[in-house]
Every structure is written in structure tokens, then in C-alpha cells.
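Content type mmCIF, C-alpha atoms and all ligand atoms, from the file model20.cif:
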```
data_work
loop_
_atom_site.label_atom_id
_atom_site.label_comp_id
_atom_site.auth_asym_id
_atom_site.auth_seq_id
_atom_site.Cartn_x
_atom_site.Cartn_y
_atom_site.Cartn_z
CA MET S 38 26.77 -13.77 -11.19
CA LEU S 39 29.90 -12.56 -9.42
CA ARG S 40 27.81 -9.89 -7.74
CA CYS S 41 25.32 -12.47 -6.49
CA LEU S 42 28.15 -14.57 -5.14
CA VAL S 43 29.78 -11.68 -3.32
CA VAL S 44 26.50 -10.49 -1.88
CA GLY S 45 25.53 -14.04 -0.95
CA LEU S 46 28.79 -14.54 0.94
CA LEU S 47 28.42 -11.24 2.73
CA VAL S 48 24.84 -12.01 3.67
CA LEU S 49 25.82 -15.43 4.96
CA ALA S 50 28.55 -13.82 6.98
CA GLY S 51 25.83 -11.55 8.36
CA SER S 52 28.37 -8.81 8.80
CA PHE S 53 27.08 -5.67 7.15
CA PRO S 54 27.93 -2.53 8.98
CA VAL S 55 24.84 -0.34 9.21
CA GLY S 56 24.39 1.89 6.16
CA SER S 57 26.98 0.10 4.03
CA PHE S 58 26.41 -0.17 0.32
CA VAL S 59 25.11 -3.49 -0.87
CA PRO S 60 23.74 -3.72 -4.38
CA ALA S 61 20.25 -5.06 -4.89
CA THR S 62 20.35 -8.76 -5.41
CA ALA S 63 18.15 -11.56 -6.61
CA GLY S 64 20.41 -13.96 -4.78
CA PRO S 65 19.40 -16.94 -2.68
CA ARG S 66 19.01 -14.84 0.47
CA SER S 67 17.16 -11.90 -1.12
CA THR S 68 13.85 -10.68 0.26
CA ARG S 69 12.23 -11.78 -2.98
CA THR S 70 13.54 -15.32 -2.79
CA ALA S 71 12.58 -15.58 0.87
CA ALA S 72 9.07 -14.29 0.11
CA ALA S 73 8.64 -16.64 -2.85
CA ARG S 74 9.73 -19.65 -0.78
CA ALA S 75 7.34 -18.70 2.01
CA ASP S 76 4.54 -18.16 -0.51
CA PHE S 77 4.31 -14.62 0.86
CA ASN S 78 3.59 -11.35 -0.92
CA TRP S 79 6.32 -8.84 -0.08
CA GLY S 80 5.76 -5.69 -2.10
CA ALA S 81 6.79 -2.14 -2.88
CA ALA S 82 4.89 0.91 -4.05
CA ALA S 83 6.38 1.93 -7.38
CA ARG S 84 6.25 4.70 -10.02
CA PRO S 85 6.44 3.97 -13.75
CA SER S 86 8.40 7.19 -14.39
CA LEU S 87 11.26 5.95 -12.20
CA LEU S 88 11.17 2.50 -13.76
CA GLU S 89 11.92 4.08 -17.10
CA ARG S 90 14.44 6.65 -15.91
CA ASP S 91 16.49 4.61 -13.49
CA PRO S 92 17.71 1.09 -14.37
CA GLY S 93 18.93 0.59 -10.78
CA TYR S 94 15.42 1.26 -9.51
CA ALA S 95 13.86 -1.17 -11.97
CA GLN S 96 16.38 -3.83 -11.05
CA ALA S 97 15.91 -3.29 -7.31
CA LEU S 98 12.15 -3.62 -7.73
CA ALA S 99 12.35 -6.85 -9.70
CA ASP S 100 15.13 -8.35 -7.58
CA ASN S 101 13.67 -7.73 -4.15
CA PHE S 102 9.87 -7.86 -4.32
CA THR S 103 7.08 -10.17 -5.42
CA VAL S 104 4.34 -7.52 -5.51
CA ILE S 105 3.92 -3.97 -6.83
CA THR S 106 1.40 -1.37 -5.66
CA PRO S 107 1.11 1.60 -8.02
CA GLU S 108 2.10 4.55 -5.81
CA ASN S 109 0.10 7.04 -7.88
CA ALA S 110 -0.51 5.55 -11.33
CA LEU S 111 -4.01 4.27 -10.61
CA LYS S 112 -5.25 7.21 -8.59
CA PHE S 113 -8.21 9.11 -9.99
CA ASP S 114 -6.34 12.17 -11.32
CA THR S 115 -3.92 10.01 -13.31
CA VAL S 116 -6.20 7.29 -14.60
CA HIS S 117 -9.31 9.43 -15.26
CA PRO S 118 -8.04 12.93 -16.12
CA ALA S 119 -11.13 14.11 -18.02
CA PRO S 120 -14.81 13.11 -17.88
CA ASP S 121 -14.64 11.00 -21.02
CA ARG S 122 -11.00 10.04 -20.93
CA TYR S 123 -9.20 7.27 -19.08
CA ASP S 124 -5.42 6.99 -19.22
CA PHE S 125 -4.28 3.48 -18.44
CA GLY S 126 -0.76 4.10 -19.79
CA PRO S 127 1.10 4.51 -16.46
CA GLY S 128 -0.81 1.69 -14.74
CA ASP S 129 -0.25 -0.59 -17.72
CA ARG S 130 3.49 0.10 -17.72
CA LEU S 131 3.66 -1.13 -14.14
CA ALA S 132 1.45 -4.12 -14.89
CA ASP S 133 3.60 -5.04 -17.91
CA PHE S 134 6.68 -4.84 -15.73
CA ALA S 135 5.04 -6.97 -13.05
CA ARG S 136 4.00 -9.59 -15.58
CA ALA S 137 7.42 -9.63 -17.27
CA HIS S 138 9.08 -10.26 -13.91
CA GLY S 139 6.61 -12.75 -12.49
CA MET S 140 5.21 -10.32 -9.92
CA LYS S 141 1.65 -9.59 -8.80
CA MET S 142 -0.12 -6.29 -8.12
CA ARG S 143 -2.33 -4.68 -5.47
CA GLY S 144 -4.58 -2.09 -7.06
CA HIS S 145 -4.62 1.31 -5.32
CA THR S 146 -7.06 3.10 -5.09
CA LEU S 147 -10.54 3.62 -6.54
CA VAL S 148 -12.40 5.93 -4.15
CA TRP S 149 -10.44 8.45 -2.08
CA HIS S 150 -10.73 12.10 -1.04
CA ALA S 151 -7.30 13.05 -2.44
CA GLN S 152 -5.62 13.21 -5.85
CA LEU S 153 -8.89 14.00 -7.58
CA PRO S 154 -8.88 16.06 -10.79
CA ASP S 155 -10.51 19.48 -10.83
CA TRP S 156 -13.27 18.32 -13.10
CA VAL S 157 -14.45 16.01 -10.30
CA THR S 158 -14.16 18.43 -7.40
CA ARG S 159 -15.35 21.64 -9.08
CA GLU S 160 -18.64 20.54 -10.59
CA THR S 161 -21.98 20.44 -8.80
CA ARG S 162 -23.87 17.19 -9.16
CA THR S 163 -27.00 15.54 -7.84
CA ARG S 164 -26.63 12.45 -5.63
CA ASP S 165 -27.53 10.22 -8.58
CA GLN S 166 -24.90 11.90 -10.71
CA TRP S 167 -22.24 11.37 -8.01
CA ILE S 168 -23.22 7.71 -7.79
CA GLY S 169 -23.09 7.45 -11.58
CA LEU S 170 -19.63 9.03 -11.69
CA MET S 171 -18.27 6.74 -8.97
CA ARG S 172 -19.76 3.68 -10.60
CA ASP S 173 -18.41 4.57 -14.04
CA HIS S 174 -14.94 5.08 -12.57
CA ILE S 175 -14.88 1.83 -10.61
CA VAL S 176 -16.37 -0.30 -13.34
CA THR S 177 -14.14 1.14 -16.08
CA VAL S 178 -10.86 0.88 -14.16
CA LEU S 179 -11.54 -2.60 -12.82
CA GLY S 180 -12.99 -3.64 -16.17
CA HIS S 181 -9.80 -2.66 -17.96
CA TYR S 182 -7.50 -4.52 -15.58
CA ARG S 183 -9.78 -7.52 -15.40
CA SER S 184 -9.66 -7.93 -19.15
CA ALA S 185 -6.01 -6.93 -19.77
CA TYR S 186 -4.24 -8.24 -16.63
CA PRO S 187 -6.40 -10.88 -14.92
CA ASP S 188 -3.24 -12.84 -14.06
CA VAL S 189 -1.49 -9.91 -12.38
CA PHE S 190 -3.89 -8.30 -9.88
CA TYR S 191 -5.05 -10.11 -6.75
CA GLN S 192 -6.10 -7.37 -4.29
CA TRP S 193 -7.57 -3.92 -4.72
CA ASP S 194 -8.08 -0.99 -2.34
CA VAL S 195 -11.62 0.02 -3.23
CA VAL S 196 -12.09 2.76 -0.63
CA ASN S 197 -9.19 4.60 1.01
CA GLU S 198 -9.29 6.66 4.21
CA ALA S 199 -13.03 7.23 4.66
CA PHE S 200 -12.62 8.06 8.38
CA ASP S 201 -10.86 10.85 10.22
CA GLY S 202 -8.96 10.48 13.50
CA ARG S 203 -12.14 10.80 15.57
CA GLY S 204 -13.81 7.97 13.71
CA GLU S 205 -16.11 10.36 11.84
CA ARG S 206 -16.57 10.24 8.11
CA ARG S 207 -14.20 12.60 6.30
CA PRO S 208 -16.11 15.28 4.41
CA SER S 209 -14.88 14.05 1.02
CA VAL S 210 -16.70 14.81 -2.21
CA TRP S 211 -18.05 11.24 -2.12
CA GLN S 212 -19.34 11.60 1.42
CA LYS S 213 -20.92 14.98 0.68
CA GLY S 214 -22.27 14.03 -2.73
CA ILE S 215 -23.65 10.58 -1.86
CA GLY S 216 -23.83 10.20 1.93
CA ASP S 217 -22.72 7.40 4.28
CA ASP S 218 -23.62 4.63 1.88
CA TYR S 219 -21.00 5.62 -0.70
CA VAL S 220 -18.61 3.08 0.84
CA GLU S 221 -21.08 0.24 0.55
CA LEU S 222 -22.01 1.25 -3.00
CA ALA S 223 -18.34 1.38 -4.01
CA PHE S 224 -17.83 -2.22 -2.85
CA ARG S 225 -20.96 -3.39 -4.63
CA PHE S 226 -19.86 -1.76 -7.90
CA ALA S 227 -16.39 -3.24 -7.53
CA ARG S 228 -17.75 -6.76 -6.99
CA GLU S 229 -19.98 -6.38 -10.01
CA ALA S 230 -16.97 -5.32 -12.09
CA TRP S 231 -14.58 -8.04 -10.87
CA PRO S 232 -16.25 -10.96 -9.09
CA GLY S 233 -13.11 -12.85 -8.06
CA MET S 234 -11.04 -9.88 -6.87
CA GLN S 235 -10.10 -9.40 -3.18
CA LEU S 236 -11.69 -6.05 -2.30
CA PHE S 237 -10.07 -4.08 0.54
CA TYR S 238 -10.87 -1.08 2.70
CA ASN S 239 -7.55 0.72 3.40
CA ASP S 240 -6.66 3.30 6.07
CA PHE S 241 -3.85 4.53 8.30
CA ASP S 242 -3.76 4.14 12.07
CA ASP S 243 -4.18 6.95 14.57
CA GLY S 244 -0.44 7.51 14.97
CA THR S 245 -0.34 6.63 18.66
CA GLY S 246 0.97 3.11 18.26
CA GLU S 247 -2.27 1.83 19.81
CA SER S 248 -2.59 -1.94 19.31
CA ASP S 249 -6.11 -2.35 20.68
CA CYS S 250 -8.52 -1.47 17.89
CA ASP S 251 -11.32 -0.56 20.29
CA ARG S 252 -9.16 2.11 21.91
CA SER S 253 -8.53 3.88 18.60
CA ALA S 254 -11.52 5.91 17.43
CA LYS S 255 -10.69 5.37 13.77
CA CYS S 256 -9.99 1.66 14.05
CA ALA S 257 -13.18 1.16 16.08
CA ALA S 258 -15.16 2.94 13.36
CA ILE S 259 -13.62 0.70 10.68
CA LYS S 260 -14.45 -2.35 12.79
CA ARG S 261 -18.10 -1.26 13.13
CA LEU S 262 -18.31 -0.68 9.37
CA ALA S 263 -16.76 -4.06 8.55
CA THR S 264 -18.99 -5.86 11.06
CA ARG S 265 -22.07 -4.26 9.54
CA PHE S 266 -20.90 -5.12 6.04
CA ARG S 267 -20.37 -8.76 7.04
CA SER S 268 -23.86 -9.05 8.50
CA ARG S 269 -25.41 -7.53 5.39
CA SER S 270 -23.24 -9.34 2.82
CA VAL S 271 -21.60 -6.21 1.44
CA PRO S 272 -18.72 -7.57 -0.67
CA LEU S 273 -15.77 -6.55 1.49
CA ASP S 274 -12.90 -9.07 1.61
CA GLY S 275 -10.24 -7.38 3.67
CA ILE S 276 -8.77 -4.50 5.63
CA GLY S 277 -5.52 -2.79 4.69
CA PHE S 278 -3.47 -1.30 7.54
CA GLN S 279 -1.25 1.27 5.87
CA GLY S 280 1.49 1.18 8.50
CA HIS S 281 3.09 4.61 8.20
CA ILE S 282 4.73 4.26 11.58
CA LYS S 283 7.22 6.03 13.82
CA ASP S 284 9.93 4.34 15.83
CA LEU S 285 8.44 5.36 19.14
CA ASP S 286 4.84 4.58 18.18
CA SER S 287 4.71 1.34 16.31
CA PRO S 288 1.61 -0.83 16.79
CA ASP S 289 1.52 -4.59 17.18
CA PHE S 290 -0.21 -5.45 13.93
CA GLY S 291 -1.20 -8.92 15.09
CA SER S 292 -3.24 -7.47 17.98
CA LEU S 293 -4.53 -4.56 15.94
CA ALA S 294 -5.86 -6.91 13.25
CA GLY S 295 -7.14 -9.73 15.49
CA TRP S 296 -10.76 -8.68 15.03
CA VAL S 297 -10.41 -8.79 11.24
CA GLU S 298 -9.48 -12.43 11.31
CA ARG S 299 -12.31 -13.20 13.76
CA LEU S 300 -14.78 -11.54 11.40
CA GLY S 301 -13.66 -13.90 8.64
CA LEU S 302 -11.97 -11.16 6.61
CA ARG S 303 -8.40 -10.90 5.34
CA TRP S 304 -5.91 -8.18 6.27
CA ALA S 305 -2.65 -6.79 4.90
CA ILE S 306 -0.04 -4.20 5.76
CA THR S 307 -0.22 -2.05 2.70
CA GLU S 308 2.08 0.99 3.00
CA LEU S 309 4.76 0.19 5.55
CA ASP S 310 7.43 2.77 6.31
CA MET S 311 9.03 3.97 9.53
CA THR S 312 10.19 7.47 10.35
CA CYS S 313 12.63 7.68 13.22
CA THR S 314 11.36 10.44 15.43
CA SER S 315 13.98 9.67 18.08
CA ALA S 316 16.86 10.28 15.67
CA ARG S 317 17.67 14.00 15.80
CA PRO S 318 19.35 15.02 13.64
CA PRO S 319 18.46 11.91 11.66
CA GLN S 320 21.95 11.12 10.40
CA VAL S 321 23.45 11.04 13.88
CA ASP S 322 21.32 8.26 15.29
CA ARG S 323 21.16 6.23 12.13
CA PRO S 324 22.27 2.91 13.63
CA ALA S 325 19.67 3.19 16.39
CA CYS S 326 17.05 4.23 13.88
CA PHE S 327 17.87 1.40 11.49
CA ALA S 328 17.78 -1.06 14.36
CA SER S 329 14.25 0.01 15.33
CA GLN S 330 13.22 -0.20 11.70
CA ALA S 331 14.58 -3.74 11.58
CA ARG S 332 12.57 -4.68 14.67
CA ALA S 333 9.41 -3.08 13.29
CA PHE S 334 9.67 -4.49 9.76
CA GLY S 335 10.50 -7.92 11.18
CA ALA S 336 7.58 -7.76 13.60
CA ALA S 337 5.19 -6.59 10.87
CA VAL S 338 6.14 -9.46 8.57
CA ARG S 339 6.03 -11.93 11.51
CA ALA S 340 2.52 -10.79 12.51
CA CYS S 341 1.29 -11.30 8.97
CA VAL S 342 3.01 -14.67 8.52
CA ASP S 343 1.50 -15.81 11.83
CA SER S 344 -2.05 -14.93 10.79
CA PRO S 345 -3.92 -17.26 8.43
CA ALA S 346 -5.81 -14.16 7.25
CA CYS S 347 -2.72 -12.24 6.06
CA ASP S 348 -0.26 -12.92 3.28
CA THR S 349 0.83 -9.45 2.16
CA VAL S 350 3.17 -6.74 3.44
CA VAL S 351 3.98 -3.83 1.11
CA GLN S 352 6.48 -1.10 1.89
CA TRP S 353 5.65 2.38 0.57
CA GLY S 354 8.43 2.86 -1.96
CA VAL S 355 11.34 0.84 -3.32
CA SER S 356 14.13 2.53 -1.37
CA ASP S 357 15.00 5.49 0.86
CA ARG S 358 15.88 7.35 -2.34
CA ASP S 359 12.34 7.40 -3.68
CA SER S 360 10.24 7.43 -0.49
CA TRP S 361 7.36 9.91 -0.53
CA LEU S 362 8.55 11.13 2.88
CA ASN S 363 11.60 12.74 1.26
CA ARG S 364 9.28 15.38 -0.11
CA MET S 365 7.67 16.01 3.23
CA THR S 366 9.31 19.08 4.62
CA TYR S 367 9.29 17.86 8.22
CA ASP S 368 11.84 15.16 7.60
CA PRO S 369 13.76 15.25 4.34
CA SER S 370 16.03 12.42 5.47
CA ALA S 371 13.51 10.05 6.97
CA ASN S 372 15.18 7.00 5.39
CA PRO S 373 12.05 5.05 6.27
CA LEU S 374 12.34 1.89 4.15
CA ALA S 375 14.19 -1.43 4.15
CA PHE S 376 16.54 -0.48 1.29
CA ASP S 377 18.96 2.44 1.31
CA ARG S 378 19.54 5.15 -1.29
CA GLN S 379 21.77 2.86 -3.35
CA PHE S 380 19.15 0.09 -3.11
CA GLY S 381 21.33 -1.73 -0.62
CA TYR S 382 19.97 -3.95 2.14
CA LYS S 383 19.41 -2.19 5.45
CA PRO S 384 18.94 -4.08 8.72
CA ALA S 385 15.17 -4.00 8.08
CA ALA S 386 15.63 -5.95 4.83
CA TYR S 387 17.61 -8.64 6.63
CA ALA S 388 14.91 -8.75 9.29
CA VAL S 389 12.34 -9.40 6.55
CA VAL S 390 14.47 -12.22 5.11
CA LYS S 391 14.89 -13.70 8.56
CA GLU S 392 11.18 -13.70 9.41
CA LEU S 393 10.27 -15.14 6.03
CA SER S 394 12.87 -17.87 6.34
CA GLY S 395 12.11 -18.77 9.98
C1 LIG S 401 1.15 9.28 -1.51
C2 LIG S 401 2.23 9.10 -2.57
O1 LIG S 401 3.26 8.31 -2.04
C3 LIG S 401 2.77 10.45 -3.00
O2 LIG S 401 3.67 10.29 -4.09
C4 LIG S 401 1.62 11.36 -3.41
O3 LIG S 401 2.13 12.64 -3.69
C5 LIG S 401 0.59 11.45 -2.30
O4 LIG S 401 0.14 10.14 -1.96
N1 LIG S 401 -1.83 7.06 2.02
C6 LIG S 401 -2.11 6.50 0.79
C7 LIG S 401 -1.18 6.70 -0.34
O5 LIG S 401 -3.08 5.72 0.69
O6 LIG S 401 -1.85 6.68 -1.57
C8 LIG S 401 -0.38 7.95 -0.20
O7 LIG S 401 0.57 8.01 -1.26
C9 LIG S 401 0.28 8.00 1.15
C10 LIG S 401 -0.73 7.99 2.26
#
```
Rewrite the structure from the file as C-alpha cells, please.
Ligand code: XIL
Amino acid sequence: MLRCLVVGLLVLAGSFPVGSFVPATAGPRSTRTAAARADFNWGAAARPSLLERDPGYAQALADNFTVITPENALKFDTVHPAPDRYDFGPGDRLADFARAHGMKMRGHTLVWHAQLPDWVTRETRTRDQWIGLMRDHIVTVLGHYRSAYPDVFYQWDVVNEAFDGRGERRPSVWQKGIGDDYVELAFRFAREAWPGMQLFYNDFDDGTGESDCDRSAKCAAIKRLATRFRSRSVPLDGIGFQGHIKDLDSPDFGSLAGWVERLGLRWAITELDMTCTSARPPQVDRPACFASQARAFGAAVRACVDSPACDTVVQWGVSDRDSWLNRMTYDPSANPLAFDRQFGYKPAAYAVVKELSG
């Protein structure tokens, strides 16, 4: 209570020096409260192992977000480790947490080229066997969550990253085993398994900061796919823009996603984080870096709020402490999220509150 009061007063005063420690808060000006009031889904990617190990992490997740995306818990290698065995334990722990704290979930991800177990990648199969395997996986995973957590999930990434930077299909096991129509088949199986679910295609941008979809080979390929799916009634509901951005190359999501809205589909920013490439060494230019993150996170949320086809922005991690980029050797101190290593509010978190309250 006292903590909420102190944090509330400080927030109202608007006087946090950059990088200062502010505990996570469920107070009246928290990102969670602002999102809830705006009827907006502001989420974080999370890991069940950290939830259990670190009470501060669990509290920060519940206090500051309305949505959880499983960072790895629902990927193929975790959820389907052997041909006849599914392990819903990790995914269920997140879903239980979400339910207990009144949060929703975005499912991630059913069909992807990465994080596949050896038993999938090593075996030779006929096309029909590949289709059977993909169908069994989609129908079983969605079937489980549809029956156990129908109140928790609202969006699901069915296919992740099918295209490379040139707009060609990636040579994934699904592409090689089934052919171009694996994407369409995946969506049809998903719809069959969960009729009311919002089914998304999810991918990252080309890294140039390009905001005109037609000028990005990958985005143009996704647009062609989605347009074809619309005309042929393939059950695709939305496009996820991952949003792993850099301070010098950050797209305007509103422009980038304009075509999605015009096609009658939904869109979301599904994995937002920002590495500061201009900050070298990263600690030195922290204030400048955090200021560009604040602008980018604010603009991302604003673009989504402004579009009737978007209601979800998810950052890829809970805080700078647990970001996946910390394990990337090129930038061990990327500090790419809206919350710092003590789960305190960074300028980007205040920018999110501001855009959601505006
Ligand atoms: C990443 C996770 O954050 C890491 O923990 C894991 O080791 C690799 O995958 N695009 C995606 C996410 O769609 O699933 C990826 O997540 C990041 C890039």
C-alpha cells in the first residue's frame, strides 16, 4: 500500500531520473491499469521457470501487463517432445497464472522452422505423413487449450516466419515436406480445432525500418499471401508484426499495417523490443537510448490504439533482466524493454501509460 502510494506520487511528479529504481506497481498509473482502462491488451512474453523461481518477476508480470505470450512454453520442442507425448505442463502453468491474475494469453506458435525436436527434423516422411504430423500437432495443442482454458486465450500465432528476407519461402521442414500450401493447411486445421479463435500469421520485419510494405520484399510477400487467403476464404484473422526494432531503424507500424486493415484483417505488435545500436558502449548513451525507446514504444502503442484493427502490443520479455537479447552475444546489455533489471519503470513504460491514457 505504502509502496503504491510512494510510486504513485513519484509518477504523478513525473520526475524519475533515467535508470532509477522504481519497483513494479499495480498502482493507478501502472501500464496495466492504463491498458485495462483503455480496453487494450498490453502484454509480455513470459517463462514459467522464472515465474516459479523469482517472486519479483511474477509480481512484475501480474502488476504491469494484461496479456501473456508464452516465450517458449508452447513451442513444438517443449509441448510435443516425443511422437506420442505432449507436455502441456509449462504452458498450463502460464495459463493458470494468467487466469489467477485476470490476464489473457496469445498462443505462440504452432508451425515454425525453429525449436523443433530431433524426432521431427531427423525422420523422413511422405507429404501425407508431414501433413498428418502437422495436423495432429495443431489439433492436439489447440484442442487442449480450447477445452482447458477457453476463457484465457484470444489470439494464436498459427504460422511463424514462413518467409525469408527476399520474400521467398524459408526452406523449413514444413515447406520441404509439404510444399507452399502448408501455410494454408495449417490455418484450416487450426480453424477446425478452434472455431472462435483469432488465428494470426506472425513475422519480423526486414530490419531496415521500412514503413511501406510494398517496398519490403518480405512484407510484400506476406501481403500477397494474405490477399490470396482472403479471396479464397482461408481462415486467417490477423497479421502479427514482431517488432524487434533498432533505435535507428524503427518502422511506423501504422503505415506498415495499413494494408492489413484495408483487407479486413486484424493486426498486432507481438514481440516488441528495441536495441540501441547508436549507444556504444551501451551504458554510456543510456539516457539517449532510453529516450528513443520511449518514443518507439509510445509510437507503437499509439499506432495500435489509432487503428480499429489493432488492440494488442506485446513486448518480448518482462524486463531487461530476462530479455532474450541478453543471451545474444552481439549485445549483452541491450536493455531493450520498457522495464529495467529491477522491474522498474523506464521512460518507455511511462510512454506506454501516456499513450494509453491520452
Ligand atoms: C526466442 C526466445 O525469446 C528465446 O528464449 C529462444 O531461445 C529463441 O526464441 N521470433 C519469435 C520468437 O517468433 O519465438 C523468438 O523467441 C524470437 C524471434
| field | Nearby residues, ligand LIG 401 (chain S), 10 Å, only C-alpha atoms and all ligand atoms, as a PyMOL selection string | value | chain S and resi 82-84+106-112+145-146+149+151-152+194+196-198+239-241+277-281+307-308+353-354+359-365
| Between atom CA of Lys391 of chain S and atom CA of Leu87 of chain S, what is the distance, to one decimal in Å? | 28.8 Å
| message | Can you pull out the residues contacting segment 166-179 of chain S? Cut-off 9 Å, using all atoms listed in the file, and skip same-chain residues under 2 positions away; I want them as a PyMOL selection string. | response | chain S and resi 111+113+116-117+120+123+125+147-148+157+162-164+181-184+195+210-211+214-215+219+222-223+226-227+229-231
| request: For atom CA of Gly275 of chain S and atom CA of Arg225 of chain S, determine how far apart the two atoms are, in Å to one decimal place. | output: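 According to the coordinates, atom CA of Gly275 of chain S and atom CA of Arg225 of chain S are separated by 14.1 Å.
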| said: Would you compute the distance between atom CA of Asn372 of chain S and atom CA of Gln330 of chain S? Give it in Å to one decimal. | reply: 9.8 Å
At a cut-off of 9 Å, can you tabulate as a tab-separated table every residue of segment 217-252 of chain S near segment 187-191 of chain S together with its closest atom pair and the distance in Å to one decimal, using only C-alpha atoms and ordering rows by chain then number?
```
residue	atom	partner	partner_atom	distance
S:Gly233	CA	S:Tyr191	CA	8.6
S:Met234	CA	S:Tyr191	CA	6.0
S:Gln235	CA	S:Tyr191	CA	6.2
S:Leu236	CA	S:Tyr191	CA	9.0
```
